[in-house]
Amino acid sequence: MADTAVDVHHGEHAHDDHHGPSGILKYIWSTDHKIIAMQYMFTGMFMAVIGGFMAYVFRMQLAFPGISVPGFGQVSPGEYNALVTNHGSIMIFWVAMPVLIAAFGNYLIPLMIGADDMVFPKINRLSYQVFLLSAIILLVSLFVEGGGFGGAWTSYPPLSASGEYNQTDLGSSLWLAAVAIEFVAFLLGGINFIVTLMNSRAPGMKAYDIPLVCWMIVIASILFMLSVGPLVAGAVMLFFDQTIGTGFYDPARGGDPILWQHLFWFFGHPEVYVVLLPAIGITVDVIATFARKKIFGYKMVLYTAVATGVLSFFVWAHHQFIAGIDPRMANVFTVTTLLISVPIAEMCFVIIATLYGGAIRLTTPMLWALAFMAEFLIGGVTGIFLGASGADIYFHDTYFVLAHFHYTFFPIAIIGTFCGFTYWFPKMFGRMMNDTLGKIHFWGTIIPFNFIFIPLFVLGMGGQHRRIYNYEHFPELAGADMYQLRQIATIALLVMLAFQLVFFYNWFVSLAKGEKAGKNPWKSNTLEWTTESPPPHGNWPKDELPNVYRGPYEYGHPDREEDYWPQNLPS
Amino acid sequence: MTPDLIQGSTYAADIDNLILGIGILVGVWFLAAEGIFFWLIWKFRAKPDQKSEYLTGKEKHVKRWITIPHALVLVCDVFIVVGAVNVWFNVKQRLPEPDSEIRVIGQQWAWTFQHPGADNELDTADDIFTVDELHVEVDKVYHFRLESRDVLHSFSVPVWRIKQDAIPGRSITGWFEPTVAGEFDVQCTEICGIGHGVMAARVSVEDANTHAQWISTASSATTP
């Protein structure tokens, strides 16, 4: 079908060639955006299970050093490094990005803007296939001779640049190749999101009528495209250093290891917002629906997202305060880093203010959305300590940093995903999820989550530094009270992982026996709720593609008896 | 901060006070935001036959619920920036005149410390080299020259609140003045390979007599 950007929407022959392949090929060789979204979703969730298993193994080692971890065995220092490195890489590049941007972006953008598919469906399919290749390379890298790469997800040279230093010659090259290929997949996907949002909107849908989650995914894609270039160049140089012995990062041959850090964090900090913005978008949409409220300042959310995105290009060196950069630079980056708190805080205020005057229904997706805000605030305020150069001297590379970014990334990647998944589940699969099981899973995730990371804040304040296999060599960190805190964190993790079984059980039971959802179970305004659940190939029956008459958040309008006003209803 | 981690250098208390100050500022914001958030969830829970209100957030008197906190956040940021830059300047930018100098060399996976010896001059014949064991005198200003032989390392002494990455090919100068005698942990806080977890050293902060005694024993031990 629509292989060009021209008139994919409401065209005379928009659906004439909607004949994909049939049988099993329909699912693995499809160009349908919904199927590609599911491919990304399932791959991302599979990788999340692997990343979670890694966390289980190294947390067991930290709490009970030397133990033979059930399901893994004894952890060697090299394996420990590989586990923490790949846990971080997987959770960011193979879970947060594919699920939040690729899966939700693919599923939601065409449906929410009233298009029959993406503008470039074949590029879309290619994007997933390249992504799958990168995931396979990463998984292979864990089992090659020497083991997986263990130089941390930041992969600082010279450690990452030479097998002589990291003892994982092949593992590190494969890891780097996997990351670089994953970037290619997201560039392909990102182009598609941006062009689709610009060109394929339903008639009548103006810029400020676009649901915020679509805006957020597109802004994230733009941020990604603008920031990833330098890192790809850096990765190529690092790959050459590893494989053909160049010296881009080797000071003995005129190179500079700090160059990598600049290239990495110039990408790495915008990357935080690349995954944050889609999660905020999901949260905003869910909160509007279940508070039955118009967003308190649609444009404020949008503009603060853009402002955050722009500022995020000027804060990268706050990861490098003590890395040996010119100390005067730290002052500049302290200012820019604290400035970024302003738009983010304002965005949070707007979301909180949206609750005012609402009629809040605490369904499972709403609980996830509210938990996102409650937990993300902790991640936000603890970031201030690290952006303030003077305080970062002490906190840098301690568990305080680790706990801080888990309080941002866990709400983003886990809470945000569950929020979106439980909210759009009826649309994706045509049936309702069991709400009781959903709430058991919710509380079984949120409570242990805090018990994992609050002890880690305390350990970080006590001086516990990161990526240490065993603290027995550090008398100040080897006390019984320190081990108790580590054990609390590990046990909480075990509890949290166990409760994830409830989620999968709920998923499968609801698929088979859940109540039929109908078109619009949540009484929502946006366009995806105007078609069948699940939507057919082409999203709407031919000639029934929707028109748009108003913004997406017209809840509780005084002129209407109903408390919602779908975007496609003529006035 | 944590009660059992002593403040062992002249600037440890400055860093702790900065952290405490930021903690109070953001703590107030955090409690206010969470408090209002949960109060709104409770107050506006769905009630039978009651429709939600239609508020656009466009009117000025409504918008100020966002714009006033917005301005206040900016003011707090200014305070935090001033505090942070002030501490940073004293710890990292301004180098006070040293009483003595040491060299700290990181390598996979040990710290080598070069002490100036009896003449108090670095890079002379009587320098004392030790591995994973640093000896300094209390209440003296030290300059350290931080170097690495292979990969990145990071020299960190939590009780002094000092941390600085070591980079191969560079020599980075910093300073500290220990104020409390005793034995403390020295960490490597930048991942440096499979032995990162065993790259531990200890620092002995000694009074003048003990330190002089250590210099003479250590010198006689290394002198042929």
# chains A, B, ... in the order shown; residues from 1 in each chain; ligands from 1
call {"tool": "residues_around", "arguments": {"residues": "region 438-453 of chain A", "least_positions_apart": "2", "cutoff": "9 Å", "atoms": "only C-alpha atoms", "output": "count of residues only"}}
result
42
call {"tool": "residues_around", "arguments": {"residues": "Pro343 (chain A)", "least_positions_apart": "2", "cutoff": "9 Å", "atoms": "only C-alpha atoms", "output": "PyMOL selection string"}}
result
(chain A and resi 301+303-305+307-308+339-341+345-348) or (chain B and resi 70)
call {"tool": "residues_around", "arguments": {"residues": "Phe42 (chain A)", "least_positions_apart": "4", "cutoff": "12 Å", "atoms": "only C-alpha atoms", "output": "PyMOL selection string"}}
result
chain A and resi 35-38+46-49+94-95+98-99+102-104+128+132+421+504
call {"tool": "write_last_selection", "arguments": {"atoms": "C-alpha atoms", "output": "PDB file, in the first residue's frame"}}
result
ATOM      1  CA  ILE A  35       1.683  -6.080  13.972  1.00  0.00           C
ATOM      2  CA  ILE A  36       5.061  -4.363  13.905  1.00  0.00           C
ATOM      3  CA  ALA A  37       4.106  -2.683  17.180  1.00  0.00           C
ATOM      4  CA  MET A  38       3.375  -6.099  18.696  1.00  0.00           C
ATOM      5  CA  PHE A  46      11.299 -10.741  26.276  1.00  0.00           C
ATOM      6  CA  MET A  47      14.431  -8.626  26.669  1.00  0.00           C
ATOM      7  CA  ALA A  48      12.987  -7.147  29.873  1.00  0.00           C
ATOM      8  CA  VAL A  49      12.719 -10.658  31.300  1.00  0.00           C
ATOM      9  CA  TRP A  94      16.293  -3.090  24.118  1.00  0.00           C
ATOM     10  CA  VAL A  95      13.416  -2.453  26.519  1.00  0.00           C
ATOM     11  CA  PRO A  98      11.500  -0.520  21.637  1.00  0.00           C
ATOM     12  CA  VAL A  99       8.511  -0.596  23.965  1.00  0.00           C
ATOM     13  CA  ALA A 102       8.653   1.802  18.764  1.00  0.00           C
ATOM     14  CA  ALA A 103       5.786  -0.315  20.125  1.00  0.00           C
ATOM     15  CA  PHE A 104       3.532   2.464  21.398  1.00  0.00           C
ATOM     16  CA  TYR A 128      11.955  -4.017  13.318  1.00  0.00           C
ATOM     17  CA  LEU A 132      15.768  -7.884  15.974  1.00  0.00           C
ATOM     18  CA  PHE A 421      -0.256  -1.574  28.126  1.00  0.00           C
ATOM     19  CA  PHE A 504       1.562 -12.573  32.603  1.00  0.00           C
TER      20      PHE A 504
END
call {"tool": "select_by_dssp", "arguments": {"residues": "chain B", "states": "strand (DSSP E or B)", "output": "MDAnalysis selection string"}}
result
chainID B and resid 9 45 100:107 110:115 128:131 133:137 142:148 153:157 162:166 168 172:176 178 182:188 201:206
call {"tool": "residues_around", "arguments": {"residues": "region 77-91 of chain A", "least_positions_apart": "5", "cutoff": "6 Å", "atoms": "only C-alpha atoms", "output": "list in words"}}
result
Gly51, Met54, Gly148, Phe149, Gly150, Ala152, Trp153 and Tyr469 of chain A; Ile194 of chain B
call {"tool": "select_by_dssp", "arguments": {"residues": "region 151-183 of chain A", "states": "helix (DSSP H, G or I)", "output": "list in words"}}
result
Leu159, Ser160, Ala161, Gly163, Glu164, Tyr165, Asn166, Asp169, Leu170, Gly171, Ser172, Ser173, Leu174, Trp175, Leu176, Ala177, Ala178, Val179, Ala180, Ile181, Glu182 and Phe183 of chain A
call {"tool": "write_last_selection", "arguments": {"atoms": "C-alpha atoms", "output": "PDB file, in the first residue's frame"}}
result
ATOM      1  CA  LEU A 159      38.932  -0.101  29.016  1.00  0.00           C
ATOM      2  CA  SER A 160      36.421  -0.722  26.251  1.00  0.00           C
ATOM      3  CA  ALA A 161      38.931  -0.163  23.463  1.00  0.00           C
ATOM      4  CA  GLY A 163      40.929  -6.755  24.882  1.00  0.00           C
ATOM      5  CA  GLU A 164      44.189  -6.395  26.751  1.00  0.00           C
ATOM      6  CA  TYR A 165      42.333  -4.282  29.326  1.00  0.00           C
ATOM      7  CA  ASN A 166      38.836  -5.812  29.345  1.00  0.00           C
ATOM      8  CA  ASP A 169      37.811  -8.995  22.961  1.00  0.00           C
ATOM      9  CA  LEU A 170      34.924 -10.417  20.974  1.00  0.00           C
ATOM     10  CA  GLY A 171      32.242  -9.608  23.557  1.00  0.00           C
ATOM     11  CA  SER A 172      32.991  -5.890  23.506  1.00  0.00           C
ATOM     12  CA  SER A 173      33.051  -5.628  19.720  1.00  0.00           C
ATOM     13  CA  LEU A 174      29.762  -7.486  19.411  1.00  0.00           C
ATOM     14  CA  TRP A 175      28.214  -5.344  22.140  1.00  0.00           C
ATOM     15  CA  LEU A 176      29.278  -2.175  20.333  1.00  0.00           C
ATOM     16  CA  ALA A 177      28.045  -3.485  16.979  1.00  0.00           C
ATOM     17  CA  ALA A 178      24.695  -4.392  18.534  1.00  0.00           C
ATOM     18  CA  VAL A 179      24.269  -0.905  19.986  1.00  0.00           C
ATOM     19  CA  ALA A 180      25.192   0.790  16.706  1.00  0.00           C
ATOM     20  CA  ILE A 181      22.802  -1.420  14.711  1.00  0.00           C
ATOM     21  CA  GLU A 182      20.044  -0.723  17.220  1.00  0.00           C
ATOM     22  CA  PHE A 183      20.540   2.989  16.527  1.00  0.00           C
TER      23      PHE A 183
END
call {"tool": "residues_around", "arguments": {"residues": "region 390-394 of chain A", "least_positions_apart": "6", "cutoff": "6 Å", "atoms": "only C-alpha atoms", "output": "VMD selection string"}}
result
chain B and resid 15 19 84 87 to 88 161 163
call {"tool": "write_last_selection", "arguments": {"atoms": "N, CA and C atoms", "output": "PDB file, in the first residue's frame"}}
result
ATOM      1  N   ILE B  15      30.857  20.346  51.698  1.00  0.00           N
ATOM      2  CA  ILE B  15      30.085  19.510  50.773  1.00  0.00           C
ATOM      3  C   ILE B  15      28.842  18.973  51.470  1.00  0.00           C
ATOM      4  N   ILE B  19      24.911  19.609  50.491  1.00  0.00           N
ATOM      5  CA  ILE B  19      23.953  18.529  50.290  1.00  0.00           C
ATOM      6  C   ILE B  19      22.740  18.720  51.206  1.00  0.00           C
ATOM      7  N   ALA B  84      26.439  25.514  44.922  1.00  0.00           N
ATOM      8  CA  ALA B  84      27.209  24.448  44.283  1.00  0.00           C
ATOM      9  C   ALA B  84      28.504  24.994  43.692  1.00  0.00           C
ATOM     10  N   VAL B  87      31.104  25.848  46.455  1.00  0.00           N
ATOM     11  CA  VAL B  87      31.811  24.670  46.978  1.00  0.00           C
ATOM     12  C   VAL B  87      32.767  24.126  45.919  1.00  0.00           C
ATOM     13  N   TRP B  88      32.273  24.018  44.701  1.00  0.00           N
ATOM     14  CA  TRP B  88      33.089  23.489  43.611  1.00  0.00           C
ATOM     15  C   TRP B  88      34.374  24.294  43.453  1.00  0.00           C
ATOM     16  N   ARG B 161      35.505  13.282  51.174  1.00  0.00           N
ATOM     17  CA  ARG B 161      34.566  13.727  50.129  1.00  0.00           C
ATOM     18  C   ARG B 161      35.305  14.106  48.842  1.00  0.00           C
ATOM     19  N   LYS B 163      36.944  13.144  45.117  1.00  0.00           N
ATOM     20  CA  LYS B 163      36.849  12.169  44.037  1.00  0.00           C
ATOM     21  C   LYS B 163      37.382  12.822  42.773  1.00  0.00           C
TER      22      LYS B 163
END
call {"tool": "residues_around", "arguments": {"residues": "Pro178 (chain B)", "least_positions_apart": "3", "cutoff": "7 Å", "atoms": "only C-alpha atoms", "output": "PyMOL selection string"}}
result
chain B and resi 8-10+138-140
call {"tool": "write_last_selection", "arguments": {"atoms": "N, CA and C atoms", "output": "PDB file, in the first residue's frame"}}
result
ATOM      1  N   GLY B   8      36.364  14.153  57.320  1.00  0.00           N
ATOM      2  CA  GLY B   8      37.795  14.028  57.571  1.00  0.00           C
ATOM      3  C   GLY B   8      38.681  15.007  56.838  1.00  0.00           C
ATOM      4  N   SER B   9      38.087  16.000  56.158  1.00  0.00           N
ATOM      5  CA  SER B   9      38.933  16.988  55.488  1.00  0.00           C
ATOM      6  C   SER B   9      38.339  18.366  55.711  1.00  0.00           C
ATOM      7  N   THR B  10      39.130  19.390  55.307  1.00  0.00           N
ATOM      8  CA  THR B  10      38.648  20.753  55.556  1.00  0.00           C
ATOM      9  C   THR B  10      37.373  21.047  54.781  1.00  0.00           C
ATOM     10  N   VAL B 138      48.188  14.810  59.376  1.00  0.00           N
ATOM     11  CA  VAL B 138      46.954  15.528  59.633  1.00  0.00           C
ATOM     12  C   VAL B 138      47.204  17.040  59.594  1.00  0.00           C
ATOM     13  N   ASP B 139      46.192  17.802  59.174  1.00  0.00           N
ATOM     14  CA  ASP B 139      46.232  19.266  59.144  1.00  0.00           C
ATOM     15  C   ASP B 139      47.320  19.852  58.251  1.00  0.00           C
ATOM     16  N   LYS B 140      47.718  19.121  57.246  1.00  0.00           N
ATOM     17  CA  LYS B 140      48.658  19.659  56.250  1.00  0.00           C
ATOM     18  C   LYS B 140      47.949  19.692  54.892  1.00  0.00           C
TER      19      LYS B 140
END
call {"tool": "closest_residue", "arguments": {"among": "B:Asp14, B:Glu206, B:Asp126, B:Glu101", "to": "chain A", "atoms": "only C-alpha atoms"}}
result
B:Asp14
call {"tool": "closest_residue", "arguments": {"among": "A:Arg467, A:Gly245, A:Asp563, A:Phe474", "to": "Gly151 (chain A)", "atoms": "only C-alpha atoms"}}
result
A:Arg467
call {"tool": "decode", "arguments": {"residues": "region 131-177 of chain B", "atoms": "C-alpha atoms", "output": "PDB file, in the first residue's frame"}}
result
ATOM      1  CA  VAL B 131      51.175   0.088  47.033  1.00  0.00           C
ATOM      2  CA  ASP B 132      47.584   0.399  48.275  1.00  0.00           C
ATOM      3  CA  GLU B 133      48.763   2.308  51.330  1.00  0.00           C
ATOM      4  CA  LEU B 134      48.881   6.101  51.548  1.00  0.00           C
ATOM      5  CA  HIS B 135      50.440   7.970  54.470  1.00  0.00           C
ATOM      6  CA  VAL B 136      49.687  11.632  55.117  1.00  0.00           C
ATOM      7  CA  GLU B 137      50.007  14.012  58.008  1.00  0.00           C
ATOM      8  CA  VAL B 138      46.954  15.528  59.633  1.00  0.00           C
ATOM      9  CA  ASP B 139      46.232  19.266  59.144  1.00  0.00           C
ATOM     10  CA  LYS B 140      48.658  19.659  56.250  1.00  0.00           C
ATOM     11  CA  VAL B 141      47.639  20.849  52.804  1.00  0.00           C
ATOM     12  CA  TYR B 142      48.536  18.270  50.156  1.00  0.00           C
ATOM     13  CA  HIS B 143      48.595  18.568  46.412  1.00  0.00           C
ATOM     14  CA  PHE B 144      48.137  15.281  44.633  1.00  0.00           C
ATOM     15  CA  ARG B 145      49.197  14.526  41.066  1.00  0.00           C
ATOM     16  CA  LEU B 146      46.842  11.893  39.739  1.00  0.00           C
ATOM     17  CA  GLU B 147      47.917   9.632  36.901  1.00  0.00           C
ATOM     18  CA  SER B 148      46.963   6.326  35.322  1.00  0.00           C
ATOM     19  CA  ARG B 149      49.065   3.682  33.628  1.00  0.00           C
ATOM     20  CA  ASP B 150      46.335   1.973  31.630  1.00  0.00           C
ATOM     21  CA  VAL B 151      42.586   2.653  31.796  1.00  0.00           C
ATOM     22  CA  LEU B 152      40.433   5.207  33.622  1.00  0.00           C
ATOM     23  CA  HIS B 153      40.390   4.976  37.403  1.00  0.00           C
ATOM     24  CA  SER B 154      38.952   7.315  39.963  1.00  0.00           C
ATOM     25  CA  PHE B 155      40.634   8.292  43.203  1.00  0.00           C
ATOM     26  CA  SER B 156      38.036   8.543  45.926  1.00  0.00           C
ATOM     27  CA  VAL B 157      38.309   8.909  49.689  1.00  0.00           C
ATOM     28  CA  PRO B 158      34.759   9.070  51.048  1.00  0.00           C
ATOM     29  CA  VAL B 159      35.668  10.532  54.453  1.00  0.00           C
ATOM     30  CA  TRP B 160      37.398  13.422  52.692  1.00  0.00           C
ATOM     31  CA  ARG B 161      34.566  13.727  50.129  1.00  0.00           C
ATOM     32  CA  ILE B 162      37.211  13.846  47.397  1.00  0.00           C
ATOM     33  CA  LYS B 163      36.849  12.169  44.037  1.00  0.00           C
ATOM     34  CA  GLN B 164      38.789  12.643  40.820  1.00  0.00           C
ATOM     35  CA  ASP B 165      39.172  10.470  37.733  1.00  0.00           C
ATOM     36  CA  ALA B 166      42.659   9.399  36.696  1.00  0.00           C
ATOM     37  CA  ILE B 167      43.305   9.505  32.959  1.00  0.00           C
ATOM     38  CA  PRO B 168      46.185   7.845  31.117  1.00  0.00           C
ATOM     39  CA  GLY B 169      48.362  10.441  29.431  1.00  0.00           C
ATOM     40  CA  ARG B 170      47.479  13.217  31.854  1.00  0.00           C
ATOM     41  CA  SER B 171      48.520  14.361  35.261  1.00  0.00           C
ATOM     42  CA  ILE B 172      45.671  15.981  37.154  1.00  0.00           C
ATOM     43  CA  THR B 173      46.439  18.133  40.165  1.00  0.00           C
ATOM     44  CA  GLY B 174      44.074  18.462  43.109  1.00  0.00           C
ATOM     45  CA  TRP B 175      44.287  19.105  46.810  1.00  0.00           C
ATOM     46  CA  PHE B 176      43.083  17.967  50.216  1.00  0.00           C
ATOM     47  CA  GLU B 177      43.765  18.748  53.840  1.00  0.00           C
TER      48      GLU B 177
END
